[in-house]
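*Asks:* Before we start, here is the structure in question, set down as structure tokens.
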Amino acid sequence: MSAVLKPQPYQFDIADIMGGLYGDGIIGLKGAFDRAWVARLREDIDMLFQEALRRPGGALNRGPNRFYVEVHPERIRGFSDLITHPWVVTVCEAVLGPNYKVVEAGFDVPLPGAENQPWHRDFKTPAETRVGRRLTSLAFNITTVDVTENMGPFEIAPGTQWDDLSACENEMFPPKSFYHRYEARAQRKMPRMGDISARSALTIHRGTANRSSISRPVFVLGVDSPEANNAAHHDLQVTRAYHASLTPHAREHLTCRIVESLELIEQAHTIEALKKAAD
Ligand SMILES: O=C(O)CCC(=O)C(=O)O
């Protein structure tokens, strides 16, 4: 009897994922986690943020009243749920290939009083994208609040992951004379607790001014294809015991140091030009 090959059933549409990330440069999944899961994430972030603020250099300044903190994955109780979530795994495999690598765990905290950031991308475009026209990294974001207009939503200019910024400051910061292009296509994202987004960190974006009295912490998971080198900006480390507790698939995709006990993270992903507000 000859075997009949059946098409593999996919829970998520690969063409939609590829079309979204190569087109707009951002996609999302609504209601990926329940609100209790997000509330736990928020508790962990709040505790780690207070810890980071107490330590000189523990939190990186990303503009007035705005911080970024890189964290140890195991101090986020839902970390393994996140990296094994079927949508996250499908998006990573579709865009970055079967040997993708999780390289960053951190969070942004735009506090009340945070100002508009300058439009930017998070690093300069690598040759694989500029010449090879292929995306080699993704950033997943998980909001810990239901975002409203006055909380300084994340704003993104769809399609601009392909813009040539080679003549611009650090190849990341377009001059103000380019802003009309981003403002004309800008989308303000208003995710709710439980939603996940995935974007190319090259798609030009900014955090906007938080005029509310509520902070808007957002978790960031950074993932690379094998040829990308964003791990160099980060120091992902896990204890031997935590590493052993992960599924073999999760272990295979985590680029990290295995340590006996967690060491302080040297917060290295400074983005100098973000320290000042755009306006
Ligand atoms: O406000 C946000 O959600 C993101 C901020 C941001 O893009 C950054 O600090 O690089």
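Ordering of the structure tokens sets the chain letters (A, B, ...), residue numbers begin anew at 1 in every chain, and ligands are numbered from 1 in the order given.
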List the neighbours of segment 192-207 of chain A out to 7 Å using only C-alpha atoms; skip same-chain residues closer than 2 positions along the sequence, and give me the result as a PyMOL selection string.

*Replies:* chain A and resi 21+25-35+38+116-123+125+137-147+152-161+190+209

*Asks:* With N, CA and C atoms retained, write the just-selected residues as a CSV table (one decimal), in the first residue's frame.

*Replies:*
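Contents of selection_11.csv, as written:
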```csv
chain,number,residue,atom,x,y,z
A,21,LEU,N,4.8,40.4,8.0
A,21,LEU,CA,6.1,40.8,8.5
A,21,LEU,C,7.0,41.4,7.4
A,25,GLY,N,5.4,44.9,8.4
A,25,GLY,CA,6.5,44.8,9.4
A,25,GLY,C,6.0,44.5,10.8
A,26,ILE,N,4.7,44.3,10.9
A,26,ILE,CA,4.2,44.0,12.3
A,26,ILE,C,2.9,43.2,12.1
A,27,ILE,N,2.8,42.2,13.0
A,27,ILE,CA,1.5,41.4,13.0
A,27,ILE,C,1.2,41.1,14.5
A,28,GLY,N,0.0,40.6,14.7
A,28,GLY,CA,-0.4,40.4,16.1
A,28,GLY,C,-1.4,39.2,16.3
A,29,LEU,N,-1.4,38.8,17.5
A,29,LEU,CA,-2.4,37.7,17.8
A,29,LEU,C,-3.2,38.2,19.1
A,30,LYS,N,-4.5,38.3,18.9
A,30,LYS,CA,-5.3,38.8,20.0
A,30,LYS,C,-5.6,37.6,21.0
A,31,GLY,N,-5.6,37.9,22.3
A,31,GLY,CA,-6.0,36.9,23.3
A,31,GLY,C,-5.2,35.7,23.3
A,32,ALA,N,-3.8,35.8,23.2
A,32,ALA,CA,-3.0,34.7,23.2
A,32,ALA,C,-2.8,34.1,24.6
A,33,PHE,N,-2.9,35.0,25.6
A,33,PHE,CA,-2.9,34.6,27.0
A,33,PHE,C,-4.1,35.1,27.8
A,34,ASP,N,-4.4,34.5,28.9
A,34,ASP,CA,-5.5,35.1,29.7
A,34,ASP,C,-5.0,36.2,30.6
A,35,ARG,N,-5.9,36.9,31.1
A,35,ARG,CA,-5.5,38.1,31.9
A,35,ARG,C,-4.8,37.8,33.2
A,38,VAL,N,-1.2,37.5,32.3
A,38,VAL,CA,-0.6,38.8,32.1
A,38,VAL,C,-0.4,39.5,33.5
A,116,ASN,N,7.5,61.9,23.5
A,116,ASN,CA,7.6,61.2,22.2
A,116,ASN,C,9.1,60.9,22.0
A,117,GLN,N,9.3,59.6,21.6
A,117,GLN,CA,10.7,59.3,21.2
A,117,GLN,C,10.9,59.8,19.8
A,118,PRO,N,12.2,59.9,19.4
A,118,PRO,CA,12.4,60.2,18.0
A,118,PRO,C,12.1,58.9,17.2
A,119,TRP,N,11.6,59.0,16.0
A,119,TRP,CA,11.4,57.8,15.1
A,119,TRP,C,12.7,57.1,15.0
A,120,HIS,N,12.7,55.8,15.1
A,120,HIS,CA,13.9,55.0,15.0
A,120,HIS,C,13.7,53.6,14.7
A,121,ARG,N,14.8,52.9,14.3
A,121,ARG,CA,14.8,51.4,14.4
A,121,ARG,C,15.8,51.0,15.5
A,122,ASP,N,15.7,49.8,15.9
A,122,ASP,CA,16.4,49.4,17.2
A,122,ASP,C,17.9,49.1,16.9
A,123,PHE,N,18.2,48.8,15.7
A,123,PHE,CA,19.6,48.6,15.3
A,123,PHE,C,19.8,48.9,13.8
A,125,THR,N,20.4,48.2,9.9
A,125,THR,CA,20.0,47.1,9.0
A,125,THR,C,21.2,46.2,8.6
A,137,SER,N,15.6,39.0,12.2
A,137,SER,CA,15.3,39.0,13.6
A,137,SER,C,13.9,39.5,13.8
A,138,LEU,N,13.4,39.2,14.9
A,138,LEU,CA,12.0,39.7,15.3
A,138,LEU,C,12.0,40.1,16.7
A,139,ALA,N,11.1,41.0,17.0
A,139,ALA,CA,10.8,41.4,18.4
A,139,ALA,C,9.3,41.1,18.7
A,140,PHE,N,9.1,40.4,19.8
A,140,PHE,CA,7.7,40.1,20.2
A,140,PHE,C,7.5,41.1,21.4
A,141,ASN,N,6.3,41.6,21.4
A,141,ASN,CA,5.9,42.5,22.5
A,141,ASN,C,4.6,42.0,23.2
A,142,ILE,N,4.6,42.1,24.5
A,142,ILE,CA,3.4,41.7,25.2
A,142,ILE,C,3.1,42.8,26.2
A,143,THR,N,1.9,43.5,26.0
A,143,THR,CA,1.6,44.6,26.9
A,143,THR,C,1.1,44.0,28.2
A,144,THR,N,1.3,44.8,29.3
A,144,THR,CA,0.8,44.4,30.6
A,144,THR,C,-0.4,45.2,31.0
A,145,VAL,N,-0.8,46.1,30.1
A,145,VAL,CA,-2.0,46.9,30.4
A,145,VAL,C,-2.9,47.0,29.1
A,146,ASP,N,-4.2,47.3,29.3
A,146,ASP,CA,-5.0,47.6,28.1
A,146,ASP,C,-4.7,49.0,27.7
A,147,VAL,N,-4.0,49.2,26.6
A,147,VAL,CA,-3.5,50.5,26.2
A,147,VAL,C,-4.6,51.4,25.7
A,152,GLY,N,0.3,57.0,25.8
A,152,GLY,CA,1.5,57.0,25.0
A,152,GLY,C,1.7,55.7,24.2
A,153,PRO,N,0.7,55.4,23.4
A,153,PRO,CA,0.9,54.1,22.7
A,153,PRO,C,2.1,54.0,21.8
A,154,PHE,N,2.5,52.8,21.5
A,154,PHE,CA,3.6,52.5,20.6
A,154,PHE,C,3.0,52.9,19.2
A,155,GLU,N,3.9,53.5,18.4
A,155,GLU,CA,3.5,54.0,17.1
A,155,GLU,C,4.5,53.4,16.1
A,156,ILE,N,3.9,52.9,15.0
A,156,ILE,CA,4.8,52.3,14.0
A,156,ILE,C,4.4,52.8,12.6
A,157,ALA,N,5.4,52.8,11.7
A,157,ALA,CA,5.2,53.3,10.3
A,157,ALA,C,5.3,52.0,9.4
A,158,PRO,N,4.2,51.4,9.1
A,158,PRO,CA,4.2,50.1,8.4
A,158,PRO,C,5.0,50.2,7.1
A,159,GLY,N,5.8,49.2,6.8
A,159,GLY,CA,6.5,49.0,5.5
A,159,GLY,C,7.9,49.7,5.6
A,160,THR,N,8.2,50.4,6.7
A,160,THR,CA,9.5,51.1,6.6
A,160,THR,C,10.7,50.3,7.1
A,161,GLN,N,10.5,49.0,7.3
A,161,GLN,CA,11.7,48.1,7.6
A,161,GLN,C,12.6,48.1,6.4
A,190,MET,N,-3.0,49.8,20.1
A,190,MET,CA,-3.7,49.8,21.3
A,190,MET,C,-4.0,48.4,21.8
A,209,ALA,N,4.1,60.1,23.8
A,209,ALA,CA,4.1,60.8,25.1
A,209,ALA,C,3.0,60.2,26.0
```

*Asks:* For Phe12 of chain A, work out the shell of residues within 10 Å, counting only C-alpha atoms and skipping chain neighbours fewer than 5 positions away, then give it as a PyMOL selection string.

*Replies:* chain A and resi 17+86-87+90-91

*Asks:* Between atom CA of Val69 of chain A and atom CA of Gly106 of chain A, what is the distance, to one decimal in Å?

*Replies:* 5.4 Å

*Asks:* So the first atom is atom CA of Glu272 of chain A and the second is atom CA of Arg188 of chain A; what is the distance between them in Å, to one decimal place?

*Replies:* 24.3 Å

*Asks:* What parts of segment 189-258 of chain A does DSSP call alpha helix (DSSP H)? I'd like the answer as a ChimeraX atom specification.

*Replies:* /A:240-245,248-252

*Asks:* How about saving the chosen residues, N, CA and C atoms kept, as a PDB file, in the first residue's frame?

*Replies:*
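As a result, again36.pdb now contains:
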```
ATOM      1  N   ARG A 240      21.398  26.150  35.616  1.00  0.00           N
ATOM      2  CA  ARG A 240      21.376  24.763  35.130  1.00  0.00           C
ATOM      3  C   ARG A 240      20.012  24.117  35.426  1.00  0.00           C
ATOM      4  N   ALA A 241      19.482  24.381  36.620  1.00  0.00           N
ATOM      5  CA  ALA A 241      18.209  23.754  37.019  1.00  0.00           C
ATOM      6  C   ALA A 241      17.068  24.258  36.128  1.00  0.00           C
ATOM      7  N   TYR A 242      17.063  25.572  35.852  1.00  0.00           N
ATOM      8  CA  TYR A 242      15.992  26.112  35.000  1.00  0.00           C
ATOM      9  C   TYR A 242      16.112  25.538  33.586  1.00  0.00           C
ATOM     10  N   HIS A 243      17.336  25.484  33.089  1.00  0.00           N
ATOM     11  CA  HIS A 243      17.580  24.955  31.745  1.00  0.00           C
ATOM     12  C   HIS A 243      17.018  23.540  31.639  1.00  0.00           C
ATOM     13  N   ALA A 244      17.278  22.737  32.680  1.00  0.00           N
ATOM     14  CA  ALA A 244      16.816  21.338  32.677  1.00  0.00           C
ATOM     15  C   ALA A 244      15.288  21.255  32.731  1.00  0.00           C
ATOM     16  N   SER A 245      14.652  22.302  33.281  1.00  0.00           N
ATOM     17  CA  SER A 245      13.182  22.254  33.423  1.00  0.00           C
ATOM     18  C   SER A 245      12.463  22.598  32.111  1.00  0.00           C
ATOM     19  N   PRO A 248      12.746  20.117  25.584  1.00  0.00           N
ATOM     20  CA  PRO A 248      13.911  20.021  24.679  1.00  0.00           C
ATOM     21  C   PRO A 248      13.825  21.050  23.546  1.00  0.00           C
ATOM     22  N   HIS A 249      12.622  21.307  23.022  1.00  0.00           N
ATOM     23  CA  HIS A 249      12.461  22.277  21.929  1.00  0.00           C
ATOM     24  C   HIS A 249      12.848  23.675  22.405  1.00  0.00           C
ATOM     25  N   ALA A 250      12.393  24.046  23.609  1.00  0.00           N
ATOM     26  CA  ALA A 250      12.720  25.381  24.141  1.00  0.00           C
ATOM     27  C   ALA A 250      14.230  25.494  24.373  1.00  0.00           C
ATOM     28  N   ARG A 251      14.825  24.448  24.934  1.00  0.00           N
ATOM     29  CA  ARG A 251      16.284  24.459  25.192  1.00  0.00           C
ATOM     30  C   ARG A 251      17.064  24.657  23.902  1.00  0.00           C
ATOM     31  N   GLU A 252      16.619  23.959  22.882  1.00  0.00           N
ATOM     32  CA  GLU A 252      17.304  23.997  21.581  1.00  0.00           C
ATOM     33  C   GLU A 252      17.309  25.416  20.994  1.00  0.00           C
TER      34      GLU A 252
END
```

*Asks:* Between atom CA of Gly113 of chain A and atom CA of Ala273 of chain A, what distance in Å does the model show, to one decimal?

*Replies:*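 Between atom CA of Gly113 of chain A and atom CA of Ala273 of chain A the gap is 18.4 Å.
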
*Asks:* Find the residues near Ala268 of chain A: any atom within 9 Å, counting only C-alpha atoms, skip ones fewer than 4 places away on the same chain, and give them as a list in words.

*Replies:*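 That gives Leu60, Glu70, Ala232, His233, His234 and Asp235 of chain A.
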
*Asks:* Output C-alpha atoms for every residue in the selection just made, as a compact mmCIF listing (two decimals), in the first residue's frame.

*Replies:*
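Okay, this is what ended up in out-v5.txt:
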```txt
# COMPACT_ATOMS: atom_id res chain seq x y z
CA LEU A 60 18.71 51.83 30.72
CA GLU A 70 17.05 43.21 30.34
CA ALA A 232 26.05 40.33 21.24
CA HIS A 233 23.91 43.17 22.72
CA HIS A 234 22.44 40.89 25.39
CA ASP A 235 23.43 38.50 28.13
```

*Asks:* Might you pull out every residue within 7 Å of Arg216 of chain A, with only C-alpha atoms counted and same-chain residues fewer than 2 positions away left off, and present them as a list of chain:residue names?

*Replies:* A:Val109, A:Pro110, A:Leu111, A:Thr144, A:Val145, A:Met151, A:Ile214, A:Val218

*Asks:* Please return, as a list of chain:residue names, all residues of segment 32-131 of chain A that DSSP assigns to strand (DSSP E or B) on the basis of the backbone.

*Replies:*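 Answer for segment 32-131 of chain A restricted to strand (DSSP E or B) is A:Leu60, A:Asn61, A:Arg66, A:Phe67, A:Tyr68, A:Val69, A:Glu70, A:Lys101, A:Val102, A:Val103, A:Glu104, A:Ala105, A:Gly106, A:Phe107, A:Asp108, A:Val109, A:Pro110, A:His120.
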
*Asks:* Write out as a ChimeraX atom specification which residues come within 7 Å of Arg62 of chain A when counting only C-alpha atoms, dropping same-chain ones fewer than 6 positions away.

*Replies:* /A:68,274-275

*Asks:* Find the residue from A:Arg134, A:Lys101, A:Lys189, A:Arg77 that sits nearest to ligand 1; use only C-alpha atoms and all ligand atoms when measuring.

*Replies:*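 Among the listed residues, A:Lys189 lies closest to ligand 1.
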
*Asks:* Give me, as a PyMOL selection string, all polymer residues having an atom no more than 10 Å from segment 46-51 of chain A, counting only C-alpha atoms and skipping those fewer than 2 positions away in the same chain.

*Replies:* chain A and resi 40-44+53-55+58-59+67-72+75-76+107-109+217

*Asks:* Please dump the current selection as a PDB file, in the first residue's frame; keep N, CA and C atoms.

*Replies:*
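The result, written out as again00.pdb:
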```pdb
ATOM      1  N   ARG A  40       0.317  38.132  36.234  1.00  0.00           N
ATOM      2  CA  ARG A  40       1.523  37.555  36.837  1.00  0.00           C
ATOM      3  C   ARG A  40       2.785  38.148  36.191  1.00  0.00           C
ATOM      4  N   LEU A  41       2.716  38.298  34.867  1.00  0.00           N
ATOM      5  CA  LEU A  41       3.843  38.920  34.146  1.00  0.00           C
ATOM      6  C   LEU A  41       4.078  40.325  34.699  1.00  0.00           C
ATOM      7  N   ARG A  42       2.982  41.046  34.916  1.00  0.00           N
ATOM      8  CA  ARG A  42       3.080  42.414  35.426  1.00  0.00           C
ATOM      9  C   ARG A  42       3.704  42.450  36.824  1.00  0.00           C
ATOM     10  N   GLU A  43       3.299  41.497  37.669  1.00  0.00           N
ATOM     11  CA  GLU A  43       3.893  41.440  39.028  1.00  0.00           C
ATOM     12  C   GLU A  43       5.404  41.229  38.930  1.00  0.00           C
ATOM     13  N   ASP A  44       5.815  40.325  38.048  1.00  0.00           N
ATOM     14  CA  ASP A  44       7.252  40.043  37.901  1.00  0.00           C
ATOM     15  C   ASP A  44       7.990  41.275  37.387  1.00  0.00           C
ATOM     16  N   LEU A  53      15.987  49.654  39.357  1.00  0.00           N
ATOM     17  CA  LEU A  53      16.149  51.081  39.663  1.00  0.00           C
ATOM     18  C   LEU A  53      17.067  51.302  40.872  1.00  0.00           C
ATOM     19  N   ARG A  54      17.095  50.299  41.754  1.00  0.00           N
ATOM     20  CA  ARG A  54      17.934  50.435  42.969  1.00  0.00           C
ATOM     21  C   ARG A  54      19.414  50.223  42.649  1.00  0.00           C
ATOM     22  N   ARG A  55      19.701  49.636  41.497  1.00  0.00           N
ATOM     23  CA  ARG A  55      21.084  49.266  41.162  1.00  0.00           C
ATOM     24  C   ARG A  55      21.625  50.241  40.105  1.00  0.00           C
ATOM     25  N   GLY A  58      21.226  49.570  36.378  1.00  0.00           N
ATOM     26  CA  GLY A  58      20.315  48.417  36.291  1.00  0.00           C
ATOM     27  C   GLY A  58      19.206  48.599  35.274  1.00  0.00           C
ATOM     28  N   ALA A  59      18.872  49.865  34.989  1.00  0.00           N
ATOM     29  CA  ALA A  59      17.822  50.154  33.998  1.00  0.00           C
ATOM     30  C   ALA A  59      18.395  51.156  33.011  1.00  0.00           C
ATOM     31  N   PHE A  67      12.227  53.632  30.497  1.00  0.00           N
ATOM     32  CA  PHE A  67      13.358  52.742  30.797  1.00  0.00           C
ATOM     33  C   PHE A  67      13.246  51.425  30.065  1.00  0.00           C
ATOM     34  N   TYR A  68      14.415  50.784  29.923  1.00  0.00           N
ATOM     35  CA  TYR A  68      14.471  49.418  29.394  1.00  0.00           C
ATOM     36  C   TYR A  68      15.325  48.590  30.355  1.00  0.00           C
ATOM     37  N   VAL A  69      14.859  47.380  30.655  1.00  0.00           N
ATOM     38  CA  VAL A  69      15.605  46.495  31.558  1.00  0.00           C
ATOM     39  C   VAL A  69      15.683  45.112  30.923  1.00  0.00           C
ATOM     40  N   GLU A  70      16.892  44.598  30.793  1.00  0.00           N
ATOM     41  CA  GLU A  70      17.046  43.210  30.343  1.00  0.00           C
ATOM     42  C   GLU A  70      16.997  42.309  31.572  1.00  0.00           C
ATOM     43  N   VAL A  71      16.334  41.165  31.463  1.00  0.00           N
ATOM     44  CA  VAL A  71      16.123  40.340  32.660  1.00  0.00           C
ATOM     45  C   VAL A  71      16.553  38.893  32.434  1.00  0.00           C
ATOM     46  N   HIS A  72      16.650  38.180  33.550  1.00  0.00           N
ATOM     47  CA  HIS A  72      16.896  36.742  33.490  1.00  0.00           C
ATOM     48  C   HIS A  72      15.568  36.053  33.167  1.00  0.00           C
ATOM     49  N   ARG A  75      13.256  34.592  35.872  1.00  0.00           N
ATOM     50  CA  ARG A  75      12.596  35.442  36.863  1.00  0.00           C
ATOM     51  C   ARG A  75      11.247  35.941  36.333  1.00  0.00           C
ATOM     52  N   ILE A  76      10.919  35.526  35.105  1.00  0.00           N
ATOM     53  CA  ILE A  76       9.594  35.792  34.527  1.00  0.00           C
ATOM     54  C   ILE A  76       8.879  34.439  34.536  1.00  0.00           C
ATOM     55  N   PHE A 107      12.136  44.316  29.249  1.00  0.00           N
ATOM     56  CA  PHE A 107      10.879  45.066  29.195  1.00  0.00           C
ATOM     57  C   PHE A 107      11.149  46.563  29.088  1.00  0.00           C
ATOM     58  N   ASP A 108      10.212  47.242  28.437  1.00  0.00           N
ATOM     59  CA  ASP A 108      10.213  48.704  28.349  1.00  0.00           C
ATOM     60  C   ASP A 108       9.189  49.214  29.342  1.00  0.00           C
ATOM     61  N   VAL A 109       9.530  50.306  30.020  1.00  0.00           N
ATOM     62  CA  VAL A 109       8.544  50.932  30.914  1.00  0.00           C
ATOM     63  C   VAL A 109       8.410  52.421  30.565  1.00  0.00           C
ATOM     64  N   PRO A 217       4.065  49.184  31.047  1.00  0.00           N
ATOM     65  CA  PRO A 217       5.157  48.224  30.842  1.00  0.00           C
ATOM     66  C   PRO A 217       4.832  47.212  29.747  1.00  0.00           C
TER      67      PRO A 217
END
```
